[in-house]
$ cat model_31.pdb   # PDB, N, CA, C and O atoms
ATOM      1  N   MET A  16      65.344  24.472  36.246
ATOM      2  CA  MET A  16      65.608  23.623  35.119
ATOM      3  C   MET A  16      64.405  23.705  34.173
ATOM      4  O   MET A  16      63.267  23.587  34.585
ATOM      5  N   LEU A  17      64.678  23.940  32.912
ATOM      6  CA  LEU A  17      63.647  23.981  31.884
ATOM      7  C   LEU A  17      63.897  22.847  30.901
ATOM      8  O   LEU A  17      65.031  22.609  30.503
ATOM      9  N   VAL A  18      62.832  22.167  30.534
ATOM     10  CA  VAL A  18      62.932  21.080  29.565
ATOM     11  C   VAL A  18      62.143  21.482  28.331
ATOM     12  O   VAL A  18      60.964  21.795  28.411
ATOM     13  N   ILE A  19      62.818  21.499  27.193
ATOM     14  CA  ILE A  19      62.207  21.895  25.932
ATOM     15  C   ILE A  19      62.262  20.711  24.977
ATOM     16  O   ILE A  19      63.319  20.098  24.796
ATOM     17  N   GLN A  20      61.119  20.406  24.367
ATOM     18  CA  GLN A  20      61.078  19.319  23.392
ATOM     19  C   GLN A  20      60.726  19.897  22.031
ATOM     20  O   GLN A  20      59.690  20.545  21.871
ATOM     21  N   ARG A  21      61.613  19.647  21.056
ATOM     22  CA  ARG A  21      61.393  20.107  19.683
ATOM     23  C   ARG A  21      61.787  19.001  18.728
ATOM     24  O   ARG A  21      62.897  18.469  18.823
ATOM     25  N   ASN A  22      60.904  18.686  17.807
ATOM     26  CA  ASN A  22      61.169  17.675  16.784
ATOM     27  C   ASN A  22      61.647  16.348  17.376
ATOM     28  O   ASN A  22      62.558  15.708  16.860
ATOM     29  N   GLY A  23      61.062  15.962  18.481
ATOM     30  CA  GLY A  23      61.424  14.696  19.105
ATOM     31  C   GLY A  23      62.718  14.749  19.900
ATOM     32  O   GLY A  23      63.151  13.740  20.440
ATOM     33  N   GLN A  24      63.359  15.928  19.959
ATOM     34  CA  GLN A  24      64.612  16.071  20.723
ATOM     35  C   GLN A  24      64.317  16.800  22.020
ATOM     36  O   GLN A  24      63.574  17.779  22.035
ATOM     37  N   THR A  25      64.902  16.323  23.087
ATOM     38  CA  THR A  25      64.713  16.943  24.393
ATOM     39  C   THR A  25      65.966  17.725  24.747
ATOM     40  O   THR A  25      67.080  17.194  24.705
ATOM     41  N   THR A  26      65.762  19.002  25.099
ATOM     42  CA  THR A  26      66.869  19.868  25.508
ATOM     43  C   THR A  26      66.610  20.312  26.939
ATOM     44  O   THR A  26      65.517  20.777  27.262
ATOM     45  N   VAL A  27      67.608  20.171  27.788
ATOM     46  CA  VAL A  27      67.498  20.576  29.185
ATOM     47  C   VAL A  27      68.320  21.842  29.368
ATOM     48  O   VAL A  27      69.512  21.875  29.060
ATOM     49  N   VAL A  28      67.658  22.894  29.867
ATOM     50  CA  VAL A  28      68.337  24.155  30.143
ATOM     51  C   VAL A  28      68.372  24.319  31.649
ATOM     52  O   VAL A  28      67.347  24.267  32.321
ATOM     53  N   SER A  29      69.565  24.538  32.188
ATOM     54  CA  SER A  29      69.686  24.668  33.635
ATOM     55  C   SER A  29      70.668  25.789  33.957
ATOM     56  O   SER A  29      71.338  26.333  33.086
ATOM     57  N   GLY A  30      70.732  26.124  35.230
ATOM     58  CA  GLY A  30      71.676  27.140  35.670
ATOM     59  C   GLY A  30      71.224  28.545  35.290
ATOM     60  O   GLY A  30      70.044  28.862  35.262
ATOM     61  N   TRP A  31      72.224  29.394  34.999
ATOM     62  CA  TRP A  31      71.927  30.791  34.709
ATOM     63  C   TRP A  31      71.168  30.948  33.400
ATOM     64  O   TRP A  31      70.379  31.881  33.239
ATOM     65  N   ARG A  32      71.345  30.013  32.484
ATOM     66  CA  ARG A  32      70.605  30.088  31.226
ATOM     67  C   ARG A  32      69.103  29.869  31.455
ATOM     68  O   ARG A  32      68.272  30.492  30.810
ATOM     69  N   ALA A  33      68.773  28.982  32.386
ATOM     70  CA  ALA A  33      67.373  28.746  32.728
ATOM     71  C   ALA A  33      66.765  29.992  33.368
ATOM     72  O   ALA A  33      65.628  30.377  33.055
ATOM     73  N   TRP A  34      67.516  30.638  34.249
ATOM     74  CA  TRP A  34      67.044  31.872  34.878
ATOM     75  C   TRP A  34      66.833  32.968  33.832
ATOM     76  O   TRP A  34      65.828  33.691  33.863
ATOM     77  N   LEU A  35      67.772  33.085  32.917
ATOM     78  CA  LEU A  35      67.679  34.106  31.880
ATOM     79  C   LEU A  35      66.465  33.835  30.972
ATOM     80  O   LEU A  35      65.692  34.744  30.662
ATOM     81  N   LEU A  36      66.300  32.593  30.569
ATOM     82  CA  LEU A  36      65.169  32.234  29.715
ATOM     83  C   LEU A  36      63.844  32.459  30.438
ATOM     84  O   LEU A  36      62.891  32.993  29.859
ATOM     85  N   ALA A  37      63.767  32.092  31.707
ATOM     86  CA  ALA A  37      62.545  32.298  32.491
ATOM     87  C   ALA A  37      62.253  33.787  32.644
ATOM     88  O   ALA A  37      61.094  34.214  32.544
ATOM     89  N   ALA A  38      63.284  34.595  32.859
ATOM     90  CA  ALA A  38      63.090  36.041  32.993
ATOM     91  C   ALA A  38      62.607  36.643  31.676
ATOM     92  O   ALA A  38      61.707  37.494  31.654
ATOM     93  N   LEU A  39      63.162  36.197  30.554
ATOM     94  CA  LEU A  39      62.725  36.694  29.253
ATOM     95  C   LEU A  39      61.277  36.301  28.960
ATOM     96  O   LEU A  39      60.504  37.105  28.435
ATOM     97  N   ILE A  40      60.928  35.078  29.305
ATOM     98  CA  ILE A  40      59.547  34.627  29.117
ATOM     99  C   ILE A  40      58.602  35.454  29.989
ATOM    100  O   ILE A  40      57.533  35.883  29.543
ATOM    101  N   PHE A  41      58.990  35.715  31.228
ATOM    102  CA  PHE A  41      58.175  36.509  32.139
ATOM    103  C   PHE A  41      57.976  37.926  31.613
ATOM    104  O   PHE A  41      56.855  38.444  31.602
ATOM    105  N   VAL A  42      59.058  38.555  31.151
ATOM    106  CA  VAL A  42      58.965  39.914  30.610
ATOM    107  C   VAL A  42      58.089  39.927  29.358
ATOM    108  O   VAL A  42      57.252  40.821  29.184
ATOM    109  N   GLY A  43      58.254  38.943  28.499
ATOM    110  CA  GLY A  43      57.448  38.870  27.285
ATOM    111  C   GLY A  43      55.966  38.695  27.574
ATOM    112  O   GLY A  43      55.119  39.371  26.973
ATOM    113  N   LEU A  44      55.638  37.797  28.495
ATOM    114  CA  LEU A  44      54.230  37.579  28.840
ATOM    115  C   LEU A  44      53.636  38.798  29.542
ATOM    116  O   LEU A  44      52.470  39.136  29.308
ATOM    117  N   THR A  45      54.422  39.460  30.389
ATOM    118  CA  THR A  45      53.951  40.677  31.043
ATOM    119  C   THR A  45      53.638  41.753  30.012
ATOM    120  O   THR A  45      52.603  42.429  30.081
ATOM    121  N   PHE A  46      54.521  41.909  29.032
ATOM    122  CA  PHE A  46      54.294  42.876  27.963
ATOM    123  C   PHE A  46      53.049  42.512  27.154
ATOM    124  O   PHE A  46      52.224  43.370  26.841
ATOM    125  N   LEU A  47      52.885  41.241  26.845
ATOM    126  CA  LEU A  47      51.721  40.784  26.089
ATOM    127  C   LEU A  47      50.429  41.064  26.847
ATOM    128  O   LEU A  47      49.453  41.570  26.280
ATOM    129  N   PHE A  48      50.403  40.760  28.145
ATOM    130  CA  PHE A  48      49.208  41.017  28.953
ATOM    131  C   PHE A  48      48.931  42.508  29.061
ATOM    132  O   PHE A  48      47.769  42.933  29.075
ATOM    133  N   ALA A  49      49.973  43.333  29.141
ATOM    134  CA  ALA A  49      49.787  44.784  29.202
ATOM    135  C   ALA A  49      49.173  45.297  27.906
ATOM    136  O   ALA A  49      48.272  46.147  27.932
ATOM    137  N   VAL A  50      49.629  44.784  26.781
ATOM    138  CA  VAL A  50      49.065  45.195  25.489
ATOM    139  C   VAL A  50      47.605  44.771  25.391
ATOM    140  O   VAL A  50      46.747  45.551  24.955
ATOM    141  N   ILE A  51      47.301  43.558  25.803
ATOM    142  CA  ILE A  51      45.914  43.082  25.766
ATOM    143  C   ILE A  51      45.028  43.940  26.676
ATOM    144  O   ILE A  51      43.927  44.335  26.287
ATOM    145  N   ALA A  52      45.511  44.258  27.877
ATOM    146  CA  ALA A  52      44.743  45.095  28.803
ATOM    147  C   ALA A  52      44.533  46.486  28.214
ATOM    148  O   ALA A  52      43.445  47.069  28.332
ATOM    149  N   PHE A  53      45.555  47.039  27.568
ATOM    150  CA  PHE A  53      45.458  48.358  26.949
ATOM    151  C   PHE A  53      44.397  48.359  25.849
ATOM    152  O   PHE A  53      43.564  49.265  25.758
ATOM    153  N   VAL A  54      44.385  47.336  25.022
ATOM    154  CA  VAL A  54      43.414  47.241  23.925
ATOM    155  C   VAL A  54      41.995  47.080  24.475
ATOM    156  O   VAL A  54      41.055  47.741  24.012
ATOM    157  N   VAL A  55      41.819  46.220  25.466
ATOM    158  CA  VAL A  55      40.492  45.995  26.035
ATOM    159  C   VAL A  55      39.974  47.263  26.716
ATOM    160  O   VAL A  55      38.792  47.632  26.568
ATOM    161  N   LEU A  56      40.842  47.960  27.452
ATOM    162  CA  LEU A  56      40.433  49.199  28.108
ATOM    163  C   LEU A  56      40.080  50.265  27.071
ATOM    164  O   LEU A  56      39.085  50.985  27.224
ATOM    165  N   GLY A  57      40.848  50.366  26.016
ATOM    166  CA  GLY A  57      40.553  51.325  24.954
ATOM    167  C   GLY A  57      39.232  51.017  24.281
ATOM    168  O   GLY A  57      38.442  51.918  23.994
ATOM    169  N   LEU A  58      38.972  49.751  24.031
ATOM    170  CA  LEU A  58      37.707  49.341  23.424
ATOM    171  C   LEU A  58      36.531  49.672  24.343
ATOM    172  O   LEU A  58      35.495  50.188  23.889
ATOM    173  N   ALA A  59      36.685  49.402  25.631
ATOM    174  CA  ALA A  59      35.611  49.702  26.591
ATOM    175  C   ALA A  59      35.349  51.200  26.662
ATOM    176  O   ALA A  59      34.180  51.633  26.694
ATOM    177  N   LEU A  60      36.399  52.003  26.686
ATOM    178  CA  LEU A  60      36.215  53.458  26.727
ATOM    179  C   LEU A  60      35.564  53.972  25.450
ATOM    180  O   LEU A  60      34.712  54.865  25.490
ATOM    181  N   THR A  61      35.947  53.410  24.312
ATOM    182  CA  THR A  61      35.360  53.838  23.045
ATOM    183  C   THR A  61      33.878  53.514  22.992
ATOM    184  O   THR A  61      33.054  54.363  22.615
ATOM    185  N   VAL A  62      33.514  52.303  23.352
ATOM    186  CA  VAL A  62      32.101  51.906  23.341
ATOM    187  C   VAL A  62      31.299  52.772  24.306
ATOM    188  O   VAL A  62      30.198  53.236  23.983
ATOM    189  N   THR A  63      31.845  53.030  25.488
ATOM    190  CA  THR A  63      31.158  53.859  26.476
ATOM    191  C   THR A  63      30.956  55.275  25.960
ATOM    192  O   THR A  63      29.868  55.840  26.076
ATOM    193  N   ALA A  64      32.002  55.859  25.377
ATOM    194  CA  ALA A  64      31.891  57.221  24.858
ATOM    195  C   ALA A  64      30.879  57.299  23.722
ATOM    196  O   ALA A  64      30.080  58.242  23.658
ATOM    197  N   VAL A  65      30.901  56.317  22.838
ATOM    198  CA  VAL A  65      29.945  56.315  21.729
ATOM    199  C   VAL A  65      28.520  56.204  22.261
ATOM    200  O   VAL A  65      27.618  56.922  21.814
ATOM    201  N   LEU A  66      28.295  55.329  23.225
ATOM    202  CA  LEU A  66      26.950  55.183  23.778
ATOM    203  C   LEU A  66      26.500  56.447  24.516
ATOM    204  O   LEU A  66      25.334  56.830  24.434
ATOM    205  N   LEU A  67      27.418  57.098  25.213
ATOM    206  CA  LEU A  67      27.050  58.300  25.957
ATOM    207  C   LEU A  67      26.774  59.481  25.029
ATOM    208  O   LEU A  67      26.068  60.415  25.416
ATOM    209  N   ILE A  68      27.329  59.481  23.827
ATOM    210  CA  ILE A  68      27.110  60.579  22.894
ATOM    211  C   ILE A  68      26.015  60.245  21.890
ATOM    212  O   ILE A  68      25.104  61.036  21.657
ATOM    213  N   VAL A  69      26.076  59.073  21.283
ATOM    214  CA  VAL A  69      25.157  58.726  20.195
ATOM    215  C   VAL A  69      23.753  58.428  20.711
ATOM    216  O   VAL A  69      22.764  58.829  20.083
ATOM    217  N   LEU A  70      23.639  57.754  21.814
ATOM    218  CA  LEU A  70      22.319  57.366  22.312
ATOM    219  C   LEU A  70      21.449  58.584  22.650
ATOM    220  O   LEU A  70      20.302  58.650  22.183
ATOM    221  N   PRO A  71      21.923  59.566  23.403
ATOM    222  CA  PRO A  71      21.077  60.747  23.653
ATOM    223  C   PRO A  71      20.754  61.528  22.384
ATOM    224  O   PRO A  71      19.641  62.047  22.239
ATOM    225  N   VAL A  72      21.706  61.603  21.458
ATOM    226  CA  VAL A  72      21.441  62.303  20.201
ATOM    227  C   VAL A  72      20.361  61.568  19.413
ATOM    228  O   VAL A  72      19.450  62.195  18.853
ATOM    229  N   ALA A  73      20.427  60.253  19.355
ATOM    230  CA  ALA A  73      19.412  59.479  18.637
ATOM    231  C   ALA A  73      18.042  59.651  19.281
ATOM    232  O   ALA A  73      17.027  59.791  18.579
ATOM    233  N   ILE A  74      17.986  59.664  20.598
ATOM    234  CA  ILE A  74      16.705  59.867  21.288
ATOM    235  C   ILE A  74      16.165  61.264  20.995
ATOM    236  O   ILE A  74      14.978  61.449  20.728
ATOM    237  N   GLY A  75      17.041  62.260  21.033
ATOM    238  CA  GLY A  75      16.625  63.633  20.733
ATOM    239  C   GLY A  75      16.119  63.782  19.312
ATOM    240  O   GLY A  75      15.101  64.455  19.067
ATOM    241  N   VAL A  76      16.797  63.165  18.351
ATOM    242  CA  VAL A  76      16.355  63.223  16.954
ATOM    243  C   VAL A  76      15.008  62.523  16.795
ATOM    244  O   VAL A  76      14.127  63.021  16.071
ATOM    245  N   ALA A  77      14.809  61.415  17.466
ATOM    246  CA  ALA A  77      13.529  60.706  17.381
ATOM    247  C   ALA A  77      12.400  61.549  17.968
ATOM    248  O   ALA A  77      11.298  61.628  17.396
ATOM    249  N   ILE A  78      12.657  62.191  19.088
ATOM    250  CA  ILE A  78      11.632  63.061  19.696
ATOM    251  C   ILE A  78      11.334  64.237  18.776
ATOM    252  O   ILE A  78      10.170  64.596  18.544
ATOM    253  N   LEU A  79      12.378  64.846  18.236
ATOM    254  CA  LEU A  79      12.205  65.984  17.334
ATOM    255  C   LEU A  79      11.442  65.564  16.074
ATOM    256  O   LEU A  79      10.553  66.295  15.601
ATOM    257  N   ALA A  80      11.737  64.405  15.539
ATOM    258  CA  ALA A  80      11.042  63.921  14.340
ATOM    259  C   ALA A  80       9.578  63.659  14.637
ATOM    260  O   ALA A  80       8.703  63.942  13.807
ATOM    261  N   SER A  81       9.282  63.122  15.813
ATOM    262  CA  SER A  81       7.871  62.857  16.143
ATOM    263  C   SER A  81       7.109  64.153  16.390
ATOM    264  O   SER A  81       5.925  64.243  16.078
ATOM    265  N   VAL A  82       7.775  65.182  16.894
ATOM    266  CA  VAL A  82       7.116  66.464  17.137
ATOM    267  C   VAL A  82       6.867  67.178  15.812
ATOM    268  O   VAL A  82       5.828  67.822  15.620
ATOM    269  N   LEU A  83       7.788  67.093  14.877
ATOM    270  CA  LEU A  83       7.689  67.823  13.616
ATOM    271  C   LEU A  83       6.927  67.068  12.534
ATOM    272  O   LEU A  83       6.813  67.568  11.416
ATOM    273  N   GLN A  84       6.402  65.902  12.821
ATOM    274  CA  GLN A  84       5.635  65.141  11.839
ATOM    275  C   GLN A  84       4.322  65.859  11.538
ATOM    276  O   GLN A  84       3.671  66.379  12.456
ATOM    277  N   PRO A  85       3.954  65.868  10.259
ATOM    278  CA  PRO A  85       2.647  66.467   9.967
ATOM    279  C   PRO A  85       1.525  65.594  10.527
ATOM    280  O   PRO A  85       1.596  64.369  10.509
ATOM    281  N   ARG A  86       0.501  66.261  11.043
ATOM    282  CA  ARG A  86      -0.608  65.526  11.659
ATOM    283  C   ARG A  86      -1.576  65.053  10.577
ATOM    284  O   ARG A  86      -1.891  65.788   9.646
ATOM    285  N   PRO A  87      -2.036  63.818  10.714
ATOM    286  CA  PRO A  87      -3.034  63.323   9.726
ATOM    287  C   PRO A  87      -4.384  64.009   9.917
ATOM    288  O   PRO A  87      -4.761  64.352  11.019
ATOM    289  N   ARG A  88      -5.113  64.192   8.829
ATOM    290  CA  ARG A  88      -6.421  64.878   8.923
ATOM    291  C   ARG A  88      -7.554  63.914   8.981
ATOM    292  O   ARG A  88      -7.679  62.906   8.505
TER     293      ARG A  88
END

$ encode --input "model_31.pdb" --output "structure tokens"
Amino acid sequence: MLVIQRNGQTTVVSGWRAWLLAALIFVGLTFLFAVIAFVVLGLALTVTAVLLIVLPVAIGVAILASVLQPRPR
């Protein structure tokens, strides 16, 4: 049995309609959580890949710049 309140009116859903509504809500929430997990995993992979590529390149450029600097007299 599902009880829905809208605009001060109470609606009671029972029987097969309650099962159908609960199943639709379950499928919808499962889909929503899957999308959220997909986005979070994609973001984590992107940040990891950027750090694994950009960080060593930045360190290498800094080392190269310090080696190629003209020496003060």

$ select_by_dssp --input "model_31.pdb" --residues "chain A" --states "strand (DSSP E or B)" --output "list in words"
Leu17, Val18, Ile19, Gln20, Arg21, Gln24, Thr25, Thr26, Val27 and Val28 of chain A

$ resolve_selection --input "model_31.pdb" --expression "the PyMOL selection byres (((chain A and resi 17-24 and name CA) around 10) and name CA)" --output "NGL selection string"
:A and (16 or 25-30 or 32-34 or 36-37)

$ atom_distance --input "model_31.pdb" --atom1 "atom C of A:Leu60" --atom2 "atom CA of A:Ile74"
20.2 Å

$ atom_distance --input "model_31.pdb" --atom1 "atom N of A:Ala73" --atom2 "atom O of A:Thr61"
14.3 Å

$ select_by_dssp --input "model_31.pdb" --residues "stretch 18-87 of chain A" --states "alpha helix (DSSP H)" --output "PyMOL selection string"
chain A and resi 31-82

$ atom_distance --input "model_31.pdb" --atom1 "atom CA of A:Ala52" --atom2 "atom CA of A:Leu70"
26.4 Å

$ decode --input "model_31.pdb" --residues "stretch 35-46 of chain A" --atoms "all heavy atoms" --output "short mmCIF file (atom, residue, chain, number, x, y, z; two decimals), in the first residue's frame"
data_model
loop_
_atom_site.label_atom_id
_atom_site.label_comp_id
_atom_site.auth_asym_id
_atom_site.auth_seq_id
_atom_site.Cartn_x
_atom_site.Cartn_y
_atom_site.Cartn_z
N LEU A 35 3.09 -2.04 -9.24
CA LEU A 35 3.58 -1.45 -10.48
C LEU A 35 4.30 -0.12 -10.18
O LEU A 35 5.39 0.13 -10.70
CB LEU A 35 2.42 -1.22 -11.45
CG LEU A 35 2.80 -0.61 -12.80
CD1 LEU A 35 3.70 -1.55 -13.58
CD2 LEU A 35 1.54 -0.31 -13.60
N LEU A 36 3.70 0.70 -9.35
CA LEU A 36 4.31 1.98 -9.00
C LEU A 36 5.63 1.77 -8.26
O LEU A 36 6.62 2.45 -8.54
CB LEU A 36 3.34 2.81 -8.16
CG LEU A 36 3.72 4.25 -7.87
CD1 LEU A 36 3.89 5.02 -9.17
CD2 LEU A 36 2.67 4.91 -7.01
N ALA A 37 5.67 0.83 -7.34
CA ALA A 37 6.90 0.53 -6.60
C ALA A 37 7.98 0.01 -7.55
O ALA A 37 9.16 0.39 -7.43
CB ALA A 37 6.63 -0.48 -5.50
N ALA A 38 7.61 -0.83 -8.51
CA ALA A 38 8.58 -1.35 -9.47
C ALA A 38 9.12 -0.23 -10.35
O ALA A 38 10.32 -0.16 -10.63
CB ALA A 38 7.94 -2.44 -10.33
N LEU A 39 8.25 0.69 -10.78
CA LEU A 39 8.70 1.81 -11.60
C LEU A 39 9.64 2.73 -10.82
O LEU A 39 10.64 3.21 -11.36
CB LEU A 39 7.50 2.59 -12.13
CG LEU A 39 6.68 1.90 -13.22
CD1 LEU A 39 5.45 2.73 -13.56
CD2 LEU A 39 7.53 1.66 -14.45
N ILE A 40 9.30 2.97 -9.57
CA ILE A 40 10.17 3.80 -8.72
C ILE A 40 11.52 3.12 -8.54
O ILE A 40 12.58 3.76 -8.62
CB ILE A 40 9.49 4.09 -7.37
CG1 ILE A 40 8.31 5.03 -7.58
CG2 ILE A 40 10.48 4.67 -6.37
CD1 ILE A 40 7.45 5.21 -6.35
N PHE A 41 11.52 1.81 -8.31
CA PHE A 41 12.76 1.06 -8.14
C PHE A 41 13.63 1.12 -9.39
O PHE A 41 14.83 1.37 -9.31
CB PHE A 41 12.45 -0.41 -7.78
CG PHE A 41 13.67 -1.26 -7.66
CD1 PHE A 41 14.48 -1.17 -6.54
CD2 PHE A 41 14.01 -2.15 -8.66
CE1 PHE A 41 15.62 -1.95 -6.44
CE2 PHE A 41 15.14 -2.93 -8.56
CZ PHE A 41 15.95 -2.84 -7.45
N VAL A 42 13.01 0.91 -10.55
CA VAL A 42 13.76 0.96 -11.82
C VAL A 42 14.31 2.37 -12.05
O VAL A 42 15.46 2.53 -12.46
CB VAL A 42 12.87 0.50 -12.99
CG1 VAL A 42 13.52 0.80 -14.33
CG2 VAL A 42 12.57 -0.99 -12.88
N GLY A 43 13.51 3.38 -11.78
CA GLY A 43 13.96 4.75 -11.96
C GLY A 43 15.13 5.11 -11.05
O GLY A 43 16.11 5.72 -11.49
N LEU A 44 15.04 4.74 -9.78
CA LEU A 44 16.13 5.03 -8.85
C LEU A 44 17.39 4.24 -9.19
O LEU A 44 18.50 4.76 -9.06
CB LEU A 44 15.70 4.72 -7.41
CG LEU A 44 14.73 5.72 -6.80
CD1 LEU A 44 14.29 5.28 -5.41
CD2 LEU A 44 15.34 7.11 -6.73
N THR A 45 17.22 2.99 -9.63
CA THR A 45 18.37 2.20 -10.05
C THR A 45 19.07 2.85 -11.24
O THR A 45 20.30 2.95 -11.28
CB THR A 45 17.94 0.77 -10.41
OG1 THR A 45 17.29 0.17 -9.28
CG2 THR A 45 19.12 -0.08 -10.81
N PHE A 46 18.29 3.32 -12.20
CA PHE A 46 18.85 4.01 -13.36
C PHE A 46 19.56 5.29 -12.93
O PHE A 46 20.67 5.59 -13.39
CB PHE A 46 17.75 4.31 -14.37
CG PHE A 46 18.24 5.04 -15.59
CD1 PHE A 46 19.00 4.38 -16.55
CD2 PHE A 46 17.97 6.38 -15.76
CE1 PHE A 46 19.46 5.05 -17.66
CE2 PHE A 46 18.43 7.06 -16.87
CZ PHE A 46 19.18 6.39 -17.83
#
